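*Asks:* For reference, this is final.txt, and it has compact mmCIF, C-alpha atoms.
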# COMPACT_ATOMS: atom_id res chain seq x y z
CA ARG A 1 69.49 13.18 -38.47
CA LYS A 2 66.05 13.35 -40.00
CA TYR A 3 64.89 10.22 -38.21
CA GLN A 4 66.82 10.76 -35.00
CA ARG A 5 65.61 8.51 -32.21
CA VAL A 6 64.19 10.19 -29.12
CA LEU A 7 65.37 8.70 -25.87
CA ARG A 8 62.70 7.80 -23.29
CA THR A 9 63.25 7.99 -19.54
CA SER A 10 61.08 4.93 -18.85
CA SER A 11 59.37 2.30 -20.92
CA MET A 12 56.42 1.68 -18.54
CA PRO A 13 54.39 4.05 -16.40
CA THR A 14 55.27 4.04 -12.72
CA SER A 15 51.63 3.86 -11.61
CA PHE A 16 48.39 2.67 -13.20
CA SER A 17 46.09 4.28 -10.65
CA ASN A 18 45.63 7.48 -12.65
CA SER A 19 45.95 6.15 -16.18
CA ILE A 20 43.41 3.31 -15.93
CA GLY A 21 39.89 4.32 -15.01
CA PRO A 22 36.77 2.27 -14.31
CA PRO A 23 35.58 -0.14 -17.01
CA GLU A 24 33.55 1.51 -19.72
CA HIS A 25 30.12 0.06 -20.50
CA HIS A 26 28.60 0.56 -23.91
CA ASN A 27 25.39 -0.49 -25.60
CA VAL A 28 25.53 -3.12 -28.31
CA ASP A 29 23.03 -3.35 -31.13
CA ARG A 30 22.62 -7.11 -31.12
CA PHE A 31 20.58 -7.02 -34.32
CA ALA A 32 23.61 -5.56 -36.13
CA ILE A 33 25.96 -8.39 -35.09
CA LYS A 34 27.14 -10.38 -38.10
CA GLU A 35 30.03 -12.51 -36.82
CA THR A 36 31.12 -14.14 -33.57
CA ILE A 37 34.37 -15.65 -32.29
CA CYS A 38 34.48 -18.98 -30.50
CA ARG A 39 36.10 -18.68 -27.06
CA GLU A 40 37.51 -22.20 -27.30
CA CYS A 41 39.25 -22.23 -30.69
CA PHE A 42 38.98 -18.49 -31.54
CA THR A 43 37.38 -19.21 -34.89
CA LYS A 44 35.49 -16.37 -36.51
CA GLN A 45 32.13 -17.46 -37.91
CA SER A 46 28.58 -16.36 -38.65
CA SER A 47 26.32 -15.28 -35.77
CA LYS A 48 23.40 -17.39 -37.03
CA THR A 49 24.70 -20.64 -35.58
CA ASN A 50 24.71 -22.09 -32.06
CA PHE A 51 27.60 -24.52 -32.60
CA CYS A 52 31.18 -23.71 -33.51
CA VAL A 53 32.01 -24.69 -37.08
CA ASN A 54 35.49 -25.76 -36.02
CA CYS A 55 35.30 -27.43 -32.57
CA ASN A 56 31.51 -28.04 -32.51
CA VAL A 57 31.11 -26.55 -29.02
CA GLN A 58 27.64 -25.28 -28.09
CA PHE A 59 27.42 -21.59 -27.36
CA GLY A 60 24.20 -21.61 -25.31
CA GLU A 61 21.20 -23.75 -24.35
CA TYR A 62 18.90 -21.20 -26.02
CA HIS A 63 19.78 -19.46 -29.26
CA CYS A 64 17.79 -16.92 -31.24
CA ALA A 65 19.13 -16.22 -34.69
CA ILE A 66 16.97 -13.08 -35.01
CA CYS A 67 18.08 -11.41 -31.78
CA ASN A 68 21.61 -12.94 -31.85
CA LEU A 69 21.04 -14.15 -28.30
CA TRP A 70 22.75 -17.02 -26.49
CA MET A 71 21.64 -17.86 -22.95
CA SER A 72 20.53 -20.69 -20.67
CA ASN A 73 17.00 -22.08 -20.42
CA GLU A 74 16.74 -21.27 -16.71
CA GLU A 75 14.46 -18.27 -17.33
CA ARG A 76 12.59 -20.05 -20.15
CA PRO A 77 13.24 -17.50 -22.92
CA TYR A 78 11.11 -17.30 -26.03
CA HIS A 79 10.96 -15.07 -29.08
CA CYS A 80 7.82 -12.99 -29.64
CA PRO A 81 7.50 -11.98 -33.31
CA ASP A 82 4.99 -9.21 -32.44
CA CYS A 83 7.26 -7.63 -29.83
CA GLY A 84 10.27 -8.13 -32.09
CA PHE A 85 12.66 -9.58 -29.52
CA CYS A 86 13.01 -12.35 -26.94
CA ARG A 87 11.25 -12.41 -23.60
CA VAL A 88 11.47 -14.70 -20.57
CA GLY A 89 8.84 -16.70 -18.72
CA GLY A 90 7.82 -19.35 -21.24
CA GLY A 91 5.96 -18.66 -24.47
CA GLU A 92 3.13 -21.02 -23.50
CA ASN A 93 2.22 -18.77 -20.54
CA PHE A 94 1.84 -15.49 -22.44
CA ARG A 95 -0.32 -14.06 -25.18
CA HIS A 96 0.46 -10.92 -27.13
CA CYS A 97 -2.13 -8.11 -27.01
CA GLN A 98 -2.15 -6.08 -30.21
CA ASP A 99 -3.70 -3.04 -28.54
CA CYS A 100 -1.39 -2.90 -25.52
CA GLY A 101 1.59 -4.01 -27.63
CA MET A 102 2.74 -6.32 -24.84
CA CYS A 103 2.78 -10.01 -23.92
CA ILE A 104 0.11 -10.55 -21.23
CA ASP A 105 -0.25 -13.52 -18.92
CA LYS A 106 -2.89 -15.87 -20.31
CA GLN A 107 -4.62 -16.11 -16.92
CA LEU A 108 -5.04 -12.31 -16.82
CA PHE A 109 -5.59 -11.69 -20.52
CA ALA A 110 -9.41 -11.81 -20.42
CA ASP A 111 -9.70 -9.28 -17.56
CA HIS A 112 -6.75 -6.99 -18.22
CA ASN A 113 -7.30 -3.27 -18.78
CA CYS A 114 -6.52 -2.90 -22.47
CA LYS A 115 -5.05 0.51 -23.23
CA VAL A 116 -3.10 1.55 -26.30
CA GLY A 117 0.51 2.46 -25.56
CA LYS A 118 0.25 1.62 -21.87
CA TYR A 119 3.63 -0.09 -21.81
CA MET A 120 5.34 2.35 -24.17
CA SER A 121 6.59 4.39 -21.23
CA ASN A 122 9.02 4.24 -18.35
CA CYS A 123 8.34 2.83 -14.91
CA PRO A 124 7.23 5.76 -12.72
CA VAL A 125 9.50 4.56 -9.89
CA CYS A 126 12.79 3.39 -11.43
CA GLN A 127 12.33 5.10 -14.86
CA GLU A 128 13.28 1.96 -16.77
CA ASP A 129 11.60 1.25 -20.09
CA LEU A 130 8.68 -1.10 -19.42
CA PHE A 131 8.43 -2.46 -22.95
CA SER A 132 11.97 -3.81 -23.16
CA SER A 133 12.46 -4.56 -19.47
CA ARG A 134 13.08 -8.12 -18.35
CA ASP A 135 11.37 -7.51 -14.99
CA ALA A 136 7.70 -8.35 -14.54
CA SER A 137 5.20 -5.51 -14.89
CA HIS A 138 2.14 -4.91 -12.75
CA GLU A 139 -1.08 -3.31 -13.94
CA LEU A 140 -2.77 -0.92 -11.50
CA PRO A 141 -6.58 -0.57 -11.32
CA CYS A 142 -6.27 2.95 -12.76
CA GLY A 143 -4.65 1.56 -15.93
CA HIS A 144 -1.05 2.61 -15.37
CA ALA A 145 1.77 0.06 -15.43
CA ILE A 146 4.66 -0.31 -13.02
CA HIS A 147 7.33 -2.86 -12.26
CA TRP A 148 6.14 -5.53 -9.83
CA HIS A 149 9.16 -5.17 -7.54
CA CYS A 150 8.78 -1.37 -7.64
CA PHE A 151 5.12 -1.69 -6.72
CA ARG A 152 5.92 -3.89 -3.72
CA GLU A 153 8.42 -1.33 -2.43
CA LEU A 154 5.96 1.50 -3.04
CA ALA A 155 3.06 -0.29 -1.32
CA SER A 156 5.05 -0.50 1.92
CA HIS A 157 4.55 3.24 2.52
CA ASP A 158 2.01 4.48 -0.04
CA SER A 159 -1.06 2.80 -1.53
CA ARG A 160 -1.58 5.28 -4.37
CA CYS A 161 -0.55 5.29 -8.00
CA PRO A 162 2.51 7.53 -8.45
CA MET A 163 1.05 8.87 -11.70
CA CYS A 164 -2.60 9.79 -10.99
CA LYS A 165 -2.72 9.36 -7.17
CA LYS A 166 -5.64 6.92 -7.35
CA THR A 167 -5.74 3.97 -4.96
CA ALA A 168 -3.43 1.26 -6.26
CA GLU A 169 -5.47 -1.58 -4.71
CA THR A 170 -9.00 -2.81 -5.29
CA HIS A 171 -11.92 -1.66 -3.14
CA GLU A 172 -12.29 -5.12 -1.58
CA ARG A 173 -8.68 -5.21 -0.40
CA MET A 174 -8.78 -1.66 1.00
CA LYS A 175 -12.16 -2.03 2.75
CA PRO A 176 -10.72 -3.43 6.05
CA THR A 177 -8.16 -0.64 6.18
CA TRP A 178 -10.78 2.03 5.56
CA ASP A 179 -13.08 0.54 8.20
CA ALA A 180 -10.24 0.59 10.73
CA MET A 181 -9.53 4.25 9.92
CA ALA A 182 -13.23 5.10 10.31
CA MET A 183 -13.29 3.41 13.72
CA GLY A 184 -10.16 5.33 14.72
CA ILE A 185 -11.88 8.59 13.79
CA ALA A 186 -14.95 7.62 15.83
CA LEU A 187 -12.81 6.84 18.87
CA GLN A 188 -10.74 10.02 18.60
CA PRO A 189 -13.06 13.01 18.07
CA VAL A 190 -11.50 16.35 17.25
CA PRO A 191 -11.69 18.89 20.11
CA PRO A 192 -14.06 21.84 19.47
CA GLU A 193 -11.20 24.34 19.26
CA LEU A 194 -9.57 22.27 16.47
CA CYS A 195 -12.69 21.55 14.41
CA LYS A 196 -12.70 22.45 10.72
CA VAL A 197 -15.36 22.47 8.03
CA VAL A 198 -13.66 21.68 4.73
CA THR A 199 -14.32 21.01 1.07
CA ILE A 200 -12.68 17.82 -0.17
CA LYS A 201 -12.12 16.07 -3.47
CA CYS A 202 -11.83 12.30 -3.76
CA ASN A 203 -8.95 11.12 -5.93
CA ASP A 204 -10.69 7.81 -6.68
CA CYS A 205 -14.19 8.89 -7.77
CA GLU A 206 -13.22 12.56 -8.42
CA GLU A 207 -16.28 13.86 -6.54
CA VAL A 208 -16.18 17.19 -4.70
CA GLN A 209 -17.96 17.28 -1.32
CA VAL A 210 -18.60 20.36 0.80
CA ASN A 211 -19.21 20.97 4.52
CA ARG A 212 -17.23 17.94 5.64
CA SER A 213 -15.75 17.50 9.09
CA TRP A 214 -11.94 17.51 9.07
CA HIS A 215 -9.95 14.92 11.01
CA PHE A 216 -6.20 14.44 11.27
CA LEU A 217 -6.57 10.78 10.24
CA GLY A 218 -8.37 11.71 7.02
CA VAL A 219 -11.78 12.46 5.57
CA GLN A 220 -13.75 9.55 4.15
CA CYS A 221 -15.58 9.88 0.84
CA ARG A 222 -19.31 9.30 1.14
CA ARG A 223 -19.60 7.85 -2.35
CA CYS A 224 -16.80 5.27 -2.58
CA GLU A 225 -15.81 5.03 1.13
CA SER A 226 -12.22 5.87 0.24
CA PHE A 227 -9.88 7.90 2.41
CA ASN A 228 -7.87 8.97 -0.63
CA THR A 229 -9.13 12.53 -0.41
CA VAL A 230 -7.53 15.97 -0.43
CA VAL A 231 -8.70 19.17 1.27
CA GLU A 232 -9.32 21.88 -1.31
CA ARG A 233 -10.71 24.62 0.94
CA ILE A 234 -11.26 25.30 4.65
CA THR A 235 -14.66 26.93 5.25
CA MET A 236 -14.80 27.34 9.04
CA MET A 237 -12.50 26.69 11.99
CA GLY A 238 -12.70 26.40 15.77
CA HIS A 239 -15.89 26.67 17.81
CA GLU A 240 -17.77 28.13 14.86
CA ALA A 241 -17.11 24.97 12.89
CA HIS A 242 -18.05 22.78 15.86
CA GLU A 243 -21.41 24.56 16.29
CA PHE A 244 -22.07 24.34 12.56
CA LEU A 245 -21.45 20.60 12.55
CA LEU A 246 -23.78 20.13 15.50
CA ARG A 247 -26.55 22.17 13.85
CA ASN A 248 -26.18 20.51 10.49
CA ASP A 249 -28.57 17.57 10.14
CA ASP A 250 -26.78 16.08 7.15
CA GLU A 251 -26.58 12.31 7.10
CA GLY A 252 -22.87 12.34 6.29
CA ASP A 253 -20.20 12.19 8.92
CA GLY A 254 -19.54 15.87 8.43
CA GLY A 255 -22.93 16.93 9.84
CA GLY A 256 -24.47 16.95 13.28
CA GLU A 257 -25.77 13.43 12.87
CA GLY A 258 -22.27 12.25 12.07
CA VAL A 259 -20.88 14.01 15.15
CA ARG A 260 -23.56 12.48 17.37
CA ARG A 261 -22.99 9.07 15.83
CA ARG A 262 -19.28 9.30 16.60
CA GLN A 263 -20.08 10.36 20.17
CA ARG A 264 -22.37 7.35 20.60
CA GLN A 265 -19.71 5.02 19.21
CA LEU A 266 -17.14 6.57 21.52
CA GLY A 267 -19.45 6.10 24.53
CA ARG A 268 -20.07 2.46 23.65
CA ALA A 269 -16.36 1.83 23.19
CA GLN A 270 -15.52 3.46 26.54
CA GLY A 271 -18.27 1.50 28.30
CA ALA A 272 -17.00 -1.73 26.81
CA ALA A 273 -13.45 -0.88 27.87
CA GLN A 274 -14.57 -0.11 31.44
CA SER A 275 -16.61 -3.29 31.74
CA THR A 276 -13.71 -5.30 30.36
CA GLY A 277 -11.16 -3.67 32.65
CA SER A 278 -13.31 -3.87 35.83
CA GLY A 279 -14.88 -7.24 35.14
CA GLY A 280 -12.27 -9.18 37.10
CA GLY A 281 -12.35 -6.96 40.24
CA ALA A 282 -16.03 -5.88 40.45
CA GLN A 283 -17.46 -9.37 40.77
CA PRO A 284 -15.53 -10.40 43.92
CA ALA A 285 -16.47 -7.07 45.60
CA SER A 286 -20.17 -7.58 44.96
CA MET A 287 -19.94 -11.15 46.13
CA ALA A 288 -18.21 -10.06 49.32
CA SER A 289 -20.84 -7.39 49.92
CA SER A 290 -23.75 -9.78 49.49
CA SER A 291 -21.96 -12.39 51.56
CA GLY A 292 -21.42 -9.90 54.36
CA GLU A 293 -25.07 -8.87 54.24
CA ARG A 294 -26.17 -12.46 54.53
CA ASN A 295 -23.88 -12.93 57.54
CA VAL A 296 -25.31 -9.85 59.30
CA VAL A 297 -28.92 -10.85 58.67
CA SER A 298 -28.30 -14.38 59.88
CA SER A 299 -26.81 -13.08 63.15
CA PRO A 300 -29.37 -12.91 66.05
CA ARG A 301 -27.71 -9.84 67.52
CA ALA A 302 -27.92 -8.08 64.18
CA ARG A 303 -31.62 -8.94 63.85
CA ARG A 304 -32.38 -7.50 67.30
CA ARG A 305 -30.57 -4.24 66.55
CA ARG A 306 -32.30 -3.99 63.18
CA ARG A 307 -35.76 -4.36 64.80
CA ALA A 308 -34.86 -1.83 67.46
CA SER A 309 -33.77 0.75 64.92
CA MET A 310 -36.92 0.23 62.86
CA ALA A 311 -39.12 0.58 65.94
CA ALA A 312 -37.50 3.95 66.76
CA VAL A 313 -38.75 5.49 63.50
CA PRO A 314 -41.79 7.81 64.04
CA SER A 315 -45.02 6.60 62.53
CA SER A 316 -45.57 9.94 60.78
CA LEU A 317 -42.46 9.43 58.65
CA THR A 318 -43.52 5.93 57.80
CA ARG A 319 -47.04 7.02 56.72
CA SER A 320 -45.71 9.86 54.59
CA GLY A 321 -43.63 7.44 52.57
CA SER A 322 -40.28 8.83 53.70
CA THR A 323 -37.32 6.58 53.74
CA ALA A 324 -36.29 5.31 57.17
CA PRO A 325 -32.88 6.41 58.39
CA PRO A 326 -30.13 3.84 58.10
CA PRO A 327 -29.45 1.60 61.09
CA PRO A 328 -26.59 2.55 63.39
CA PRO A 329 -23.21 1.05 62.64
CA PHE A 330 -22.46 -2.26 64.20
CA GLY A 331 -19.88 -2.28 66.89
Could I get this structure in the form of structure tokens?

*Replies:*
Amino acid sequence: RKYQRVLRTSSMPTSFSNSIGPPEHHNVDRFAIKETICRECFTKQSSKTNFCVNCNVQFGEYHCAICNLWMSNEERPYHCPDCGFCRVGGGENFRHCQDCGMCIDKQLFADHNCKVGKYMSNCPVCQEDLFSSRDASHELPCGHAIHWHCFRELASHDSRCPMCKKTAETHERMKPTWDAMAMGIALQPVPPELCKVVTIKCNDCEEVQVNRSWHFLGVQCRRCESFNTVVERITMMGHEAHEFLLRNDDEGDGGGEGVRRRQRQLGRAQGAAQSTGSGGGAQPASMASSSGERNVVSSPRARRRRRASMAAVPSSLTRSGSTAPPPPPFG
């Protein structure tokens, strides 16, 4: 009676949908691994070998006894003693920087921005640890680091560093874009009722500039030619701002000279557009006009009527220098 057996209604659960959840993932400290089991003969052995002690099967093309790592040579893994673990990409292509604490490409090592602890942080986009990540890192001109694939996705809609908001490209690569934006501002002046006089700060050179003309496309920095600027204060608005910009003789694009320069550029662009658009139709019209004039002059009847109309002009009008009236229309 003390060990009475308890009867069960069923030996197996009727459904596994509620009892079995998704697979659980856990982190493994590979440096703490001491033994491994061969998947062919199930022999337990030391983790410091790449061949089974029983069946002599090879565990992996690449083996690191320090990191307890077995993998293929497709990604060209190598062990960096300064980093303390294995990396991919080929050891002959990288050189460890003691200040950055990271393996740097040998082609970029001489010109890289050396900064202590630069890679001891997370990627500002995906928040993955940059130091231990297997993905390639990209160094921005401002000195911050980011994953290369994250940078390519970010550059499709924003050209600024997500950390400090400085331009993430060099000045030479951004110059054509900035020139195109400046031309767009010159071709699209702000109406007087929407004019603004603002104070801006450049995120690239960190210079504060006052009495600048606002535009919806952006305000260009006078010092570094960057459009990576922010408006800190609005000084004047509307017609008051427009009159101030016209009176101001500053050489920058925020003064009267800048407004007049944009108006001249706009006039030249409109004239070029009109000449281009009317070039095909204006030439035949002028040719027809001159051709018709030649036909009239060459006609004897036209010459007689022309002489008769000129003879009918009083001599007083001719002596006074007045213009003769036009000849009568030809019937």

*Asks:* From the list A:Gly238, A:Pro162, A:Gly84, A:Pro77, which residue is nearest Gln127 in chain A when using only C-alpha atoms?

*Replies:*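 Result for the nearest residue to Gln127 in chain A: A:Pro162.
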
*Asks:* In Å, with one decimal, what is the gap from CA of Thr199 in chain A to CA of Arg233 in chain A?

*Replies:*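 These two atoms are separated by 5.1 Å.
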
*Asks:* Nearest residue to Arg223 in chain A out of A:Glu206, A:Glu74, A:Glu40, A:Asp29, using all atoms listed in the file?

*Replies:*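 Closest to Arg223 in chain A of all the choices is A:Glu206.
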
*Asks:* Write out as a PyMOL selection string which residues come within 9 Å of Glu240 in chain A when counting all atoms listed in the file, dropping same-chain ones fewer than 4 positions away.

*Replies:* chain A and resi 192-193+195-196+236+244-245

*Asks:* Could you check which residues have any atom within 12 Å of (27.0, -26.5, -24.8), counting only C-alpha atoms with coordinates taken straight from the file, and then list them as a ChimeraX atom specification?

*Replies:* /A:40,50-52,55-63,70-73

*Asks:* CA of Lys48 in chain A to CA of Cys67 in chain A: how many Å, to one decimal?

*Replies:*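 We find that CA of Lys48 in chain A and CA of Cys67 in chain A lie 9.6 Å from each other.
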
*Asks:* Choose the residue, out of A:Lys115, A:His138, A:Lys201, A:Arg30, that has the smallest atom-to-atom separation from Phe85 in chain A; count only C-alpha atoms.

*Replies:*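 Residue with the minimum atom-to-atom distance to Phe85 in chain A: A:Arg30.
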
*Asks:* Using all atoms listed in the file, which of A:Cys86, A:Ile104, A:Cys161, A:Ala186 sits nearest Asn228 in chain A?

*Replies:* A:Cys161

*Asks:* As a ChimeraX atom specification, please: the residues near range 211-216 of chain A (cut-off 7 Å, only C-alpha atoms, same-chain neighbours under 2 positions excluded).

*Replies:* /A:190,195-199,218-219,253-254

*Asks:* CA of Phe131 in chain A and CA of Glu35 in chain A are how many Å apart?

*Replies:* 27.6 Å

*Asks:* Taking 3 positions as the minimum chain separation for residues in the same chain, which residues sit within 10 Å of Leu140 in chain A when counting all atoms listed in the file? Answer as a short mmCIF file (atom, residue, chain, number, x, y, z; two decimals) with C-alpha atoms, in the frame of the given file.

*Replies:*
data_model
loop_
_atom_site.label_atom_id
_atom_site.label_comp_id
_atom_site.auth_asym_id
_atom_site.auth_seq_id
_atom_site.Cartn_x
_atom_site.Cartn_y
_atom_site.Cartn_z
CA HIS A 112 -6.75 -6.99 -18.22
CA ASN A 113 -7.30 -3.27 -18.78
CA SER A 137 5.20 -5.51 -14.89
CA GLY A 143 -4.65 1.56 -15.93
CA HIS A 144 -1.05 2.61 -15.37
CA ALA A 145 1.77 0.06 -15.43
CA ILE A 146 4.66 -0.31 -13.02
CA PHE A 151 5.12 -1.69 -6.72
CA ARG A 160 -1.58 5.28 -4.37
CA CYS A 161 -0.55 5.29 -8.00
CA LYS A 166 -5.64 6.92 -7.35
CA THR A 167 -5.74 3.97 -4.96
CA ALA A 168 -3.43 1.26 -6.26
CA GLU A 169 -5.47 -1.58 -4.71
CA THR A 170 -9.00 -2.81 -5.29
#

*Asks:* Step by step, gather every atom of range 199-214 of chain A that the file lists, find the box along x, y and z that holds them, add 5 Å on each side, and finally give centre and edge lengths in Å to one decimal, as lines of an AutoDock Vina configuration file.

*Replies:*
center_x = -14.1
center_y = 14.4
center_z = 0.3
size_x = 20.3
size_y = 23.2
size_z = 27.5

*Asks:* Between A:Cys123, A:Val210, A:Cys97, A:Cys205, which is the closest to Glu232 in chain A once you count all atoms listed in the file?

*Replies:*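 Looking only at the distances to Glu232 in chain A, the closest residue turns out to be A:Val210.
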
*Asks:* Taking the point (8.3, -12.2, -33.4) as given in the file, collect each protein or nucleic acid residue that comes within 12 Å of it, counting all atoms listed in the file, and present the set as an mmCIF file with C-alpha atoms, in the frame of the given file.

*Replies:*
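Result file out_3.cif:
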data_model
loop_
_atom_site.group_PDB
_atom_site.id
_atom_site.type_symbol
_atom_site.label_atom_id
_atom_site.label_comp_id
_atom_site.auth_asym_id
_atom_site.auth_seq_id
_atom_site.Cartn_x
_atom_site.Cartn_y
_atom_site.Cartn_z
ATOM 1 C CA CYS A 64 17.790 -16.920 -31.240
ATOM 2 C CA ALA A 65 19.130 -16.220 -34.690
ATOM 3 C CA ILE A 66 16.970 -13.080 -35.010
ATOM 4 C CA CYS A 67 18.080 -11.410 -31.780
ATOM 5 C CA TYR A 78 11.110 -17.300 -26.030
ATOM 6 C CA HIS A 79 10.960 -15.070 -29.080
ATOM 7 C CA CYS A 80 7.820 -12.990 -29.640
ATOM 8 C CA PRO A 81 7.500 -11.980 -33.310
ATOM 9 C CA ASP A 82 4.990 -9.210 -32.440
ATOM 10 C CA CYS A 83 7.260 -7.630 -29.830
ATOM 11 C CA GLY A 84 10.270 -8.130 -32.090
ATOM 12 C CA PHE A 85 12.660 -9.580 -29.520
ATOM 13 C CA CYS A 86 13.010 -12.350 -26.940
ATOM 14 C CA ARG A 87 11.250 -12.410 -23.600
ATOM 15 C CA GLY A 91 5.960 -18.660 -24.470
ATOM 16 C CA HIS A 96 0.460 -10.920 -27.130
ATOM 17 C CA MET A 102 2.740 -6.320 -24.840
ATOM 18 C CA CYS A 103 2.780 -10.010 -23.920
#

*Asks:* Give the answer as one residue: which of A:Arg134, A:Lys165, A:Lys175, A:Arg76 has the shortest atom-to-atom distance to Cys202 in chain A, using only C-alpha atoms?

*Replies:*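 Counting only C-alpha atoms, the residue closest to Cys202 in chain A is A:Lys165.
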